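Here's coords-v2.txt, which has compact mmCIF, C-alpha atoms:
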# COMPACT_ATOMS: atom_id res chain seq x y z
CA MET A 1 -45.50 47.67 -58.94
CA ILE A 2 -48.19 50.37 -58.90
CA VAL A 3 -49.91 48.70 -55.95
CA LEU A 4 -46.60 48.25 -54.13
CA ALA A 5 -45.71 51.89 -54.72
CA ALA A 6 -49.10 52.98 -53.39
CA LEU A 7 -48.58 50.92 -50.23
CA LEU A 8 -45.12 52.40 -49.80
CA LEU A 9 -46.45 55.95 -50.11
CA ALA A 10 -49.25 55.21 -47.62
CA VAL A 11 -46.81 53.85 -45.02
CA ALA A 12 -44.50 56.83 -45.61
CA ALA A 13 -47.37 59.26 -45.10
CA LEU A 14 -48.46 57.55 -41.87
CA THR A 15 -44.92 57.49 -40.51
CA GLY A 16 -44.59 61.17 -41.38
CA HIS A 17 -47.80 61.82 -39.45
CA THR A 18 -46.36 59.94 -36.49
CA TRP A 19 -43.32 62.22 -36.57
CA VAL A 20 -45.46 65.38 -36.72
CA ASN A 21 -47.58 64.23 -33.77
CA ALA A 22 -44.57 63.17 -31.71
CA ALA A 23 -42.37 66.16 -32.49
CA ARG A 24 -44.88 68.99 -32.65
CA TRP A 25 -48.34 68.24 -31.29
CA LEU A 26 -47.84 65.84 -28.37
CA ARG A 27 -48.14 67.69 -25.09
CA ARG A 28 -45.34 67.13 -22.57
CA PRO A 29 -46.19 68.22 -19.01
CA THR A 30 -43.35 69.86 -17.11
CA ASP A 31 -41.46 67.76 -14.60
CA ARG A 32 -40.89 70.85 -12.43
CA PRO A 33 -44.39 72.20 -11.81
CA ASP A 34 -45.23 74.99 -9.43
CA ASP A 35 -47.44 74.18 -6.48
CA VAL A 36 -51.12 73.72 -7.37
CA ASP A 37 -53.28 76.13 -5.43
CA GLU A 38 -56.62 74.37 -5.96
CA PRO A 39 -58.14 71.40 -4.10
CA VAL A 40 -57.51 68.12 -5.92
CA ALA A 41 -59.08 64.71 -5.30
CA VAL A 42 -57.23 61.59 -6.44
CA LEU A 43 -59.66 58.72 -7.01
CA LEU A 44 -58.51 55.10 -6.93
CA PRO A 45 -60.94 52.24 -7.75
CA LEU A 46 -59.79 48.81 -6.58
CA ARG A 47 -61.10 45.31 -7.17
CA ASP A 48 -58.92 42.40 -6.07
CA GLU A 49 -55.68 44.39 -6.22
CA ALA A 50 -54.08 43.23 -2.96
CA THR A 51 -50.91 42.02 -4.66
CA ARG A 52 -50.09 45.20 -6.57
CA VAL A 53 -51.78 48.21 -4.99
CA THR A 54 -48.99 48.99 -2.51
CA PRO A 55 -46.61 50.80 -4.93
CA CYS A 56 -49.52 52.83 -6.26
CA LEU A 57 -50.64 53.90 -2.79
CA ARG A 58 -47.13 54.77 -1.62
CA ALA A 59 -46.66 56.93 -4.71
CA LEU A 60 -49.93 58.75 -4.02
CA LEU A 61 -48.93 59.42 -0.42
CA ALA A 62 -45.61 60.82 -1.66
CA GLN A 63 -47.15 63.43 -3.97
CA ARG A 64 -45.67 66.92 -3.72
CA GLY A 65 -46.85 70.33 -4.82
CA VAL A 66 -50.55 69.82 -4.07
CA PRO A 67 -51.20 71.15 -0.55
CA ALA A 68 -54.95 70.54 -0.77
CA LEU A 69 -54.68 66.93 -1.92
CA ARG A 70 -57.21 64.32 -0.88
CA ILE A 71 -57.14 60.63 -1.83
CA VAL A 72 -60.32 58.56 -2.04
CA VAL A 73 -60.01 54.79 -2.42
CA LEU A 74 -62.94 52.52 -3.28
CA ASP A 75 -62.82 48.82 -2.49
CA ASP A 76 -65.12 47.47 -5.19
CA GLY A 77 -66.20 44.15 -3.75
CA SER A 78 -62.71 42.66 -3.42
CA THR A 79 -62.35 39.15 -2.04
CA ASP A 80 -58.55 39.08 -1.67
CA GLY A 81 -58.07 41.43 1.29
CA THR A 82 -57.46 44.57 -0.77
CA ALA A 83 -59.02 46.81 1.87
CA ASP A 84 -56.72 45.41 4.56
CA VAL A 85 -53.68 46.18 2.40
CA VAL A 86 -54.92 49.74 1.90
CA ARG A 87 -55.34 50.23 5.65
CA ALA A 88 -51.88 48.85 6.34
CA VAL A 89 -50.23 51.16 3.80
CA VAL A 90 -52.05 54.43 4.54
CA GLY A 91 -52.28 54.02 8.31
CA ASP A 92 -53.99 57.03 9.83
CA ASP A 93 -53.06 59.49 7.08
CA PRO A 94 -55.86 62.09 7.21
CA ARG A 95 -55.67 62.72 3.47
CA VAL A 96 -57.01 59.25 2.64
CA THR A 97 -60.60 58.02 2.75
CA LEU A 98 -61.40 54.35 2.16
CA LEU A 99 -64.89 53.57 0.87
CA SER A 100 -66.71 50.27 0.43
CA GLY A 101 -68.34 50.06 -2.97
CA VAL A 102 -71.69 48.54 -3.83
CA ALA A 103 -72.40 46.18 -6.71
CA PRO A 104 -73.23 47.88 -10.01
CA PRO A 105 -76.97 48.15 -10.68
CA PRO A 106 -78.52 46.92 -13.94
CA GLY A 107 -77.19 48.85 -16.90
CA TRP A 108 -73.83 49.63 -15.29
CA LEU A 109 -70.44 48.02 -15.83
CA GLY A 110 -68.07 47.69 -12.90
CA LYS A 111 -65.38 50.27 -13.76
CA PRO A 112 -67.72 53.17 -14.61
CA HIS A 113 -69.78 52.48 -11.50
CA ALA A 114 -66.71 52.42 -9.26
CA CYS A 115 -65.46 55.71 -10.73
CA TRP A 116 -68.90 57.31 -10.37
CA GLN A 117 -69.09 56.31 -6.71
CA LEU A 118 -65.68 57.89 -6.15
CA ALA A 119 -66.53 61.10 -7.99
CA THR A 120 -69.82 61.61 -6.19
CA ARG A 121 -68.30 60.99 -2.76
CA ALA A 122 -65.12 63.01 -3.20
CA ASP A 123 -64.67 66.31 -1.37
CA PRO A 124 -67.23 68.69 -2.94
CA GLY A 125 -64.62 71.45 -2.80
CA ALA A 126 -62.20 69.63 -5.11
CA THR A 127 -62.07 71.44 -8.45
CA ALA A 128 -59.96 68.81 -10.21
CA LEU A 129 -60.42 65.03 -10.16
CA VAL A 130 -57.57 62.63 -10.91
CA PHE A 131 -58.53 59.03 -11.72
CA VAL A 132 -55.72 56.50 -11.25
CA ASP A 133 -55.66 52.72 -11.69
CA ALA A 134 -53.98 50.37 -9.24
CA ASP A 135 -51.28 49.37 -11.74
CA VAL A 136 -50.05 52.97 -12.10
CA VAL A 137 -47.13 54.34 -10.09
CA LEU A 138 -46.88 58.14 -10.12
CA ALA A 139 -43.75 60.23 -9.88
CA PRO A 140 -43.75 62.59 -6.84
CA HIS A 141 -44.68 65.60 -8.99
CA ALA A 142 -47.18 63.79 -11.24
CA VAL A 143 -50.47 65.12 -9.88
CA ALA A 144 -49.20 68.69 -9.73
CA ALA A 145 -47.81 68.46 -13.28
CA ALA A 146 -50.97 66.89 -14.68
CA VAL A 147 -53.29 69.46 -13.12
CA THR A 148 -50.98 72.24 -14.26
CA GLU A 149 -51.09 70.91 -17.83
CA LEU A 150 -54.87 70.54 -17.68
CA ARG A 151 -55.18 74.24 -16.87
CA ALA A 152 -52.48 75.32 -19.35
CA ALA A 153 -54.27 73.43 -22.15
CA ARG A 154 -57.59 74.99 -21.13
CA ALA A 155 -59.01 71.51 -21.32
CA THR A 156 -61.81 69.79 -19.46
CA LEU A 157 -60.13 66.39 -19.67
CA LEU A 158 -56.43 65.57 -19.97
CA SER A 159 -55.08 62.07 -20.55
CA PRO A 160 -51.34 61.89 -19.71
CA TYR A 161 -50.41 58.46 -21.06
CA PRO A 162 -48.08 56.57 -18.66
CA ARG A 163 -44.94 54.77 -19.74
CA ILE A 164 -46.01 51.16 -20.21
CA VAL A 165 -43.65 48.77 -18.44
CA VAL A 166 -42.96 45.68 -20.54
CA ALA A 167 -41.40 42.49 -19.22
CA THR A 168 -42.59 39.49 -21.24
CA ALA A 169 -42.36 38.81 -24.97
CA ALA A 170 -46.13 39.29 -25.22
CA ASP A 171 -45.83 42.69 -23.55
CA ARG A 172 -43.15 43.77 -25.98
CA LEU A 173 -45.17 42.64 -28.99
CA VAL A 174 -48.55 44.11 -28.06
CA GLN A 175 -48.31 46.92 -25.53
CA PRO A 176 -46.36 49.43 -27.68
CA LEU A 177 -49.21 49.34 -30.19
CA LEU A 178 -51.34 51.45 -27.82
CA GLN A 179 -49.20 54.56 -28.24
CA TRP A 180 -48.32 53.73 -31.85
CA LEU A 181 -51.96 53.58 -32.93
CA TRP A 182 -52.97 56.99 -31.62
CA LEU A 183 -49.72 58.72 -32.59
CA THR A 184 -49.95 57.29 -36.11
CA PHE A 185 -53.65 57.61 -36.88
CA LEU A 186 -55.02 60.34 -34.61
CA PRO A 187 -54.46 64.01 -35.55
CA LEU A 188 -53.67 65.35 -32.09
CA ARG A 189 -53.99 69.05 -32.78
CA ALA A 190 -57.22 68.59 -34.73
CA MET A 191 -58.58 66.39 -31.92
CA GLU A 192 -58.03 69.19 -29.40
CA ARG A 193 -59.65 71.83 -31.60
CA SER A 194 -62.50 69.81 -33.09
CA ARG A 195 -65.91 69.61 -31.43
CA ARG A 196 -66.59 66.21 -33.00
CA PRO A 197 -67.11 63.57 -30.28
CA SER A 198 -65.95 60.87 -32.68
CA LEU A 199 -62.50 62.47 -32.73
CA ALA A 200 -61.48 61.54 -29.20
CA ALA A 201 -59.05 59.35 -27.30
CA ALA A 202 -58.14 58.85 -23.66
CA GLY A 203 -56.51 56.31 -21.36
CA GLY A 204 -58.25 55.55 -18.10
CA GLN A 205 -55.09 54.52 -16.23
CA PHE A 206 -54.32 58.18 -15.45
CA LEU A 207 -57.02 60.73 -16.23
CA VAL A 208 -57.38 64.33 -15.05
CA VAL A 209 -60.68 66.22 -15.34
CA ASP A 210 -62.06 69.57 -14.37
CA ARG A 211 -64.77 68.89 -11.78
CA ALA A 212 -67.33 71.30 -13.25
CA GLY A 213 -66.78 70.00 -16.80
CA TYR A 214 -67.00 66.41 -15.63
CA THR A 215 -70.34 67.12 -13.97
CA ALA A 216 -71.66 68.98 -17.01
CA ALA A 217 -70.80 65.97 -19.20
CA GLY A 218 -72.72 63.65 -16.90
CA GLY A 219 -69.59 62.06 -15.47
CA HIS A 220 -69.29 58.29 -15.53
CA ALA A 221 -73.08 58.02 -15.34
CA ALA A 222 -73.06 59.10 -18.99
CA VAL A 223 -70.91 56.07 -19.89
CA ALA A 224 -72.38 53.57 -17.45
CA ASP A 225 -72.58 50.69 -19.92
CA LYS A 226 -69.42 51.40 -21.94
CA ILE A 227 -66.50 48.98 -21.81
CA LEU A 228 -64.20 51.77 -23.09
CA GLU A 229 -65.40 54.18 -20.45
CA ASP A 230 -62.31 56.39 -20.79
CA VAL A 231 -62.80 57.10 -24.51
CA GLU A 232 -66.55 57.44 -24.07
CA LEU A 233 -66.05 59.90 -21.21
CA ALA A 234 -63.85 62.00 -23.50
CA ARG A 235 -66.63 61.96 -26.09
CA ALA A 236 -69.20 62.94 -23.47
CA VAL A 237 -67.02 65.89 -22.48
CA LYS A 238 -66.92 67.02 -26.11
CA ARG A 239 -70.67 66.66 -26.49
CA ALA A 240 -71.07 68.92 -23.45
CA GLY A 241 -68.87 71.57 -25.07
CA GLY A 242 -65.61 70.76 -23.30
CA ARG A 243 -62.14 70.20 -24.69
CA ILE A 244 -59.89 67.16 -24.35
CA ALA A 245 -56.14 66.71 -24.73
CA LEU A 246 -53.60 63.88 -24.79
CA ALA A 247 -50.13 64.16 -23.29
CA ASP A 248 -46.97 62.12 -22.95
CA GLY A 249 -47.05 61.06 -19.32
CA SER A 250 -43.95 58.87 -19.45
CA ARG A 251 -42.08 61.14 -17.02
CA LEU A 252 -45.08 61.28 -14.70
CA ALA A 253 -46.22 57.68 -14.39
CA THR A 254 -45.44 54.06 -15.16
CA CYS A 255 -47.96 51.28 -15.67
CA ARG A 256 -47.59 47.51 -15.76
CA MET A 257 -50.99 46.60 -17.16
CA TYR A 258 -50.81 42.79 -17.19
CA ASP A 259 -48.69 40.21 -15.39
CA ASP A 260 -48.76 37.46 -18.01
CA TRP A 261 -50.04 36.45 -21.45
CA PRO A 262 -53.48 35.18 -20.33
CA GLN A 263 -54.19 38.50 -18.60
CA LEU A 264 -53.01 40.50 -21.60
CA ARG A 265 -54.96 38.32 -24.03
CA ASP A 266 -58.17 38.57 -22.03
CA GLY A 267 -57.69 42.27 -21.28
CA TYR A 268 -57.49 43.16 -24.97
CA SER A 269 -60.19 40.69 -25.95
CA LYS A 270 -62.72 42.29 -23.62
CA SER A 271 -62.48 45.70 -25.28
CA LEU A 272 -61.18 45.50 -28.86
CA TRP A 273 -64.65 44.89 -30.24
CA ALA A 274 -65.75 48.20 -28.71
CA SER A 275 -62.78 50.01 -30.25
CA PHE A 276 -63.86 49.13 -33.78
CA GLY A 277 -67.63 48.90 -33.45
CA HIS A 278 -69.21 47.03 -36.35
CA PRO A 279 -67.37 43.83 -37.34
CA GLY A 280 -67.16 45.09 -40.90
CA ALA A 281 -65.24 48.15 -39.74
CA ALA A 282 -62.90 45.94 -37.73
CA ALA A 283 -62.29 43.67 -40.72
CA THR A 284 -61.52 46.67 -42.92
CA VAL A 285 -59.09 48.24 -40.45
CA VAL A 286 -57.28 45.00 -39.66
CA THR A 287 -56.98 44.17 -43.36
CA LEU A 288 -55.48 47.60 -44.07
CA LEU A 289 -53.03 47.25 -41.19
CA LEU A 290 -51.92 43.86 -42.45
CA LEU A 291 -51.48 45.18 -45.99
CA LEU A 292 -49.52 48.23 -44.86
CA TYR A 293 -47.30 46.68 -42.20
CA THR A 294 -47.19 42.90 -42.67
CA ALA A 295 -47.22 42.58 -46.45
CA PRO A 296 -44.03 44.63 -47.15
CA PRO A 297 -41.52 42.21 -45.53
CA LEU A 298 -43.28 39.30 -47.23
CA VAL A 299 -43.05 41.12 -50.55
CA ALA A 300 -39.34 41.72 -49.94
CA LEU A 301 -38.78 38.02 -49.33
CA VAL A 302 -40.73 37.06 -52.45
CA GLY A 303 -38.72 39.59 -54.46
CA LEU A 304 -35.48 38.03 -53.28
CA VAL A 305 -36.70 34.52 -54.05
CA VAL A 306 -37.78 35.36 -57.61
CA GLY A 307 -34.76 37.55 -58.23
CA SER A 308 -36.56 40.89 -58.56
CA THR A 309 -34.38 43.41 -56.78
CA GLN A 310 -36.87 46.20 -57.50
CA VAL A 311 -39.74 44.39 -55.80
CA ALA A 312 -37.48 43.41 -52.90
CA ALA A 313 -36.31 47.02 -52.50
CA VAL A 314 -39.86 48.39 -52.40
CA GLY A 315 -40.92 45.75 -49.87
CA LEU A 316 -37.87 46.41 -47.70
CA ALA A 317 -38.49 50.16 -47.81
CA GLY A 318 -42.10 49.66 -46.71
CA TYR A 319 -41.00 47.42 -43.85
CA LEU A 320 -38.35 49.88 -42.66
CA LEU A 321 -40.80 52.79 -42.78
CA GLY A 322 -43.20 50.82 -40.60
CA VAL A 323 -40.39 50.06 -38.16
CA ALA A 324 -39.46 53.74 -38.16
CA GLY A 325 -42.97 54.61 -37.00
CA ARG A 326 -42.58 52.29 -34.03
CA VAL A 327 -39.17 53.79 -33.23
CA LEU A 328 -40.59 57.32 -33.31
CA THR A 329 -43.42 56.30 -31.01
CA ALA A 330 -41.12 54.60 -28.52
CA ARG A 331 -38.71 57.54 -28.41
CA ALA A 332 -41.59 59.96 -27.89
CA THR A 333 -43.25 58.03 -25.06
CA GLY A 334 -40.34 56.54 -23.13
CA GLY A 335 -40.79 53.08 -24.60
CA ARG A 336 -38.34 50.42 -25.69
CA TRP A 337 -37.54 50.36 -29.40
CA TRP A 338 -34.55 48.02 -29.87
CA PRO A 339 -34.96 45.36 -31.08
CA ASP A 340 -38.71 45.34 -30.46
CA ALA A 341 -39.61 47.65 -33.35
CA LEU A 342 -38.17 45.13 -35.82
CA ALA A 343 -41.02 42.77 -34.93
CA HIS A 344 -43.69 45.33 -35.84
CA PRO A 345 -45.27 43.14 -38.56
CA VAL A 346 -45.67 40.34 -36.01
CA SER A 347 -47.25 42.80 -33.56
CA VAL A 348 -49.85 43.74 -36.17
CA VAL A 349 -50.66 40.07 -36.79
CA VAL A 350 -51.17 39.49 -33.06
CA LEU A 351 -53.41 42.56 -32.90
CA GLY A 352 -55.50 41.13 -35.73
CA TRP A 353 -55.84 37.80 -33.92
CA LEU A 354 -56.83 39.50 -30.67
CA THR A 355 -59.46 41.50 -32.53
CA LEU A 356 -60.90 38.36 -34.09
CA ARG A 357 -60.94 36.67 -30.68
CA SER A 358 -62.70 39.66 -29.14
CA TYR A 359 -65.60 39.50 -31.62
CA HIS A 360 -65.76 35.72 -31.37
CA LEU A 361 -66.10 35.76 -27.57
CA ARG A 362 -68.55 38.65 -27.60
CA LYS A 363 -70.80 36.88 -30.08
CA ARG A 364 -70.92 33.94 -27.68
CA ARG A 365 -71.41 36.21 -24.63
CA ARG A 366 -68.25 34.85 -23.01
CA LEU A 367 -66.45 38.13 -22.31
CA THR A 368 -65.76 38.72 -18.62
CA TRP A 369 -63.36 40.79 -16.54
CA ARG A 370 -62.64 40.55 -12.84
CA GLY A 371 -65.43 38.02 -12.52
CA ARG A 372 -68.08 40.24 -14.11
CA PRO A 373 -69.63 40.02 -17.59
CA VAL A 374 -68.73 42.91 -19.88
CA SER A 375 -71.00 42.31 -22.87
Using structure tokens, write down the structure that the file contains.
Amino acid sequence: MIVLAALLLAVAALTGHTWVNAARWLRRPTDRPDDVDEPVAVLLPLRDEATRVTPCLRALLAQRGVPALRIVVLDDGSTDGTADVVRAVVGDDPRVTLLSGVAPPPGWLGKPHACWQLATRADPGATALVFVDADVVLAPHAVAAAVTELRAARATLLSPYPRIVVATAADRLVQPLLQWLWLTFLPLRAMERSRRPSLAAAGGQFLVVDRAGYTAAGGHAAVADKILEDVELARAVKRAGGRIALADGSRLATCRMYDDWPQLRDGYSKSLWASFGHPGAAATVVTLLLLLYTAPPLVALVGLVVGSTQVAAVGLAGYLLGVAGRVLTARATGGRWWPDALAHPVSVVVLGWLTLRSYHLRKRRRLTWRGRPVS
């Protein structure tokens, strides 16, 4: 019972931390921003996105409150007619520039190289850069609100996390873990104040940076070979003396990251190994997650089977506290909580399997993304 009580207290403490982050420390950009009076460049890297770039582009063209807005699109070696779709959507809009990317040189991964090409060829007068992925659809005020929050936070880099659109069972099991992990385990206020590069998080789907701070940090050239280029860019900003901040971007943007289970499986597999680093660290973290969030419902079932109401009650309490953390996260970030949060133990098991798969494929040098090797 001592071990069970310790697990219960640990889950309670983590859920309490989730509540503090969600209720007190999570930044929430205004949905009624004033006009932005500085030049802003929105940068959109594309590789084989012909089937889903149209909503993203239309949303960018519909942005309001940024009079000096310019949009730079990079076709990164697409073979599916992505550039033709871009031309058809933007027409002769003078705010948009379409570039043809070049293949990444040795030592560069595709995404950092595409972003670096965009940043170095954007209007030199732009004082804020907004990186957006093709699967993100922005609200009409999103760019203005994000830049306004960047300046209000006095940050060099702001990551307004979009609302993740879920459709399949796999989506609903795995995708909510993104927000849950950083709201549960990352001290948001300490992250903003600390100069430690290791205390950093960011999401590359929608990222806003101060141009001067981005340059001082080395930009994406400083993270040329990093699969998690968004997190590593945040760390580079900190190393250069800048500040970073996370925000709830659910009212600013939506994102449908993957269309089906194979895409989701491969998308997570390509990067989870980089999230944890050494395999020993990954094994430790996954084991702890399983103990804290998967063991309690199993303990409750065992308690019922053997007739120990005390054991069953402790296990049930641990399970419900874990579910409560998922509910808090969903409510704070515009996600879906019912009945999805009830399957939280299953979500943690799937995360553990994806992590194991990621290390397995990396060890065999079989990790690829968009037709390019990533390890």
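Checking A:Leu74, A:Leu150, A:Val237, A:Val20 one by one against Gly325 of chain A, counting all atoms listed in the file, you find the shortest gap at A:Val20.
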*Using atom CA of Glu149 of chain A and atom CA of Val36 of chain A as the two end points, give the distance in Å to one decimal.*
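Atom-to-atom, atom CA of Glu149 of chain A and atom CA of Val36 of chain A are spaced 10.8 Å apart.
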*Can you work out which one of A:Val231, A:Ala221, A:Val130, A:Ala245 has the shortest atom-to-atom distance to Ser275 of chain A, counting only C-alpha atoms?*
A:Val231
*Spatial neighbours of Gly352 of chain A, max dist 10 Å, only C-alpha atoms, sep filter under 5 positions, as a ChimeraX atom specification*: /A:272,282-283,285-287,289-290,346-347,357-358
_Set the distance at 8 Å and use all atoms listed in the file: which residues neighbour Leu57 of chain A once local chain neighbours fewer than 3 positions away are removed? I'd like the list as a PyMOL selection string._
chain A and resi 53-54+60-61+86+89-90
Residues of the last selection are to be written out with C-alpha atoms, as a PDB file, in the frame of the given file.
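Just written: out27.pdb:
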ATOM      1  CA  VAL A  53     -51.780  48.210  -4.990  1.00  0.00           C
ATOM      2  CA  THR A  54     -48.990  48.990  -2.510  1.00  0.00           C
ATOM      3  CA  LEU A  60     -49.930  58.750  -4.020  1.00  0.00           C
ATOM      4  CA  LEU A  61     -48.930  59.420  -0.420  1.00  0.00           C
ATOM      5  CA  VAL A  86     -54.920  49.740   1.900  1.00  0.00           C
ATOM      6  CA  VAL A  89     -50.230  51.160   3.800  1.00  0.00           C
ATOM      7  CA  VAL A  90     -52.050  54.430   4.540  1.00  0.00           C
TER       8      VAL A  90
END
*Mind giving me the straight-line distance from atom CA of Arg172 of chain A to atom CA of Trp337 of chain A in Å, one decimal?*
9.3 Å
_Give me the residues near segment 131-140 of chain A as a PyMOL selection string, where near means some atom within 9 Å (using only C-alpha atoms) and where sequence neighbours in that chain fewer than 5 positions away do not count._
chain A and resi 41-47+49+52-65+115+162+204-209+251-258
*In Å, how far is it from atom CA of Gly315 of chain A to atom CA of Leu8 of chain A?*
7.9 Å
*Name the residues in contact with Pro373 of chain A at a cut-off of 12 Å, using all atoms listed in the file, excluding same-chain residues fewer than 2 positions from it; report them as a list in words.*
Pro104, Pro106, Gly107, Trp108, Leu109, Gly110, Lys111, Asp225, Ile227, Lys270, Ser271, Leu361, Arg362, Arg364, Arg365, Arg366, Leu367, Thr368, Trp369, Arg370, Gly371 and Ser375 of chain A
For the residues in that selection, give me C-alpha atoms as a PDB file, keeping the file's coordinate frame.
ATOM      1  CA  PRO A 104     -73.230  47.880 -10.010  1.00  0.00           C
ATOM      2  CA  PRO A 106     -78.520  46.920 -13.940  1.00  0.00           C
ATOM      3  CA  GLY A 107     -77.190  48.850 -16.900  1.00  0.00           C
ATOM      4  CA  TRP A 108     -73.830  49.630 -15.290  1.00  0.00           C
ATOM      5  CA  LEU A 109     -70.440  48.020 -15.830  1.00  0.00           C
ATOM      6  CA  GLY A 110     -68.070  47.690 -12.900  1.00  0.00           C
ATOM      7  CA  LYS A 111     -65.380  50.270 -13.760  1.00  0.00           C
ATOM      8  CA  ASP A 225     -72.580  50.690 -19.920  1.00  0.00           C
ATOM      9  CA  ILE A 227     -66.500  48.980 -21.810  1.00  0.00           C
ATOM     10  CA  LYS A 270     -62.720  42.290 -23.620  1.00  0.00           C
ATOM     11  CA  SER A 271     -62.480  45.700 -25.280  1.00  0.00           C
ATOM     12  CA  LEU A 361     -66.100  35.760 -27.570  1.00  0.00           C
ATOM     13  CA  ARG A 362     -68.550  38.650 -27.600  1.00  0.00           C
ATOM     14  CA  ARG A 364     -70.920  33.940 -27.680  1.00  0.00           C
ATOM     15  CA  ARG A 365     -71.410  36.210 -24.630  1.00  0.00           C
ATOM     16  CA  ARG A 366     -68.250  34.850 -23.010  1.00  0.00           C
ATOM     17  CA  LEU A 367     -66.450  38.130 -22.310  1.00  0.00           C
ATOM     18  CA  THR A 368     -65.760  38.720 -18.620  1.00  0.00           C
ATOM     19  CA  TRP A 369     -63.360  40.790 -16.540  1.00  0.00           C
ATOM     20  CA  ARG A 370     -62.640  40.550 -12.840  1.00  0.00           C
ATOM     21  CA  GLY A 371     -65.430  38.020 -12.520  1.00  0.00           C
ATOM     22  CA  SER A 375     -71.000  42.310 -22.870  1.00  0.00           C
TER      23      SER A 375
END
*Name the closest residue to Pro262 of chain A among the candidates A:Ile71, A:Val302, A:Ala216, A:Ala170; distances are taken between atoms, counting only C-alpha atoms.*
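For Pro262 of chain A, the nearest of the given residues is A:Ala170.
Neighbouring residues of Pro345 of chain A at 9 Å or closer, counting only C-alpha atoms and skipping chain neighbours under 5 positions away, are Leu290, Tyr293, Thr294, Ala295, Pro296, Pro297, Tyr319, Gly322, Val323 and Val350 of chain A.
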_Which residue of A:Lys238, A:His344, A:Ala247, A:His220 approaches Ser194 of chain A most closely, using only C-alpha atoms_ = A:Lys238
_Of the listed residues A:Leu291, A:Ala312, A:Leu177, A:Val374, that which approaches Ala343 of chain A most closely, counting only C-alpha atoms_ =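 Residue with the minimum atom-to-atom distance to Ala343 of chain A: A:Leu177.
The smallest atom-to-atom distance between Thr168 of chain A and any of A:Val73, A:Asp340, A:His141, A:Arg193, using all atoms listed in the file, is found for A:Asp340.
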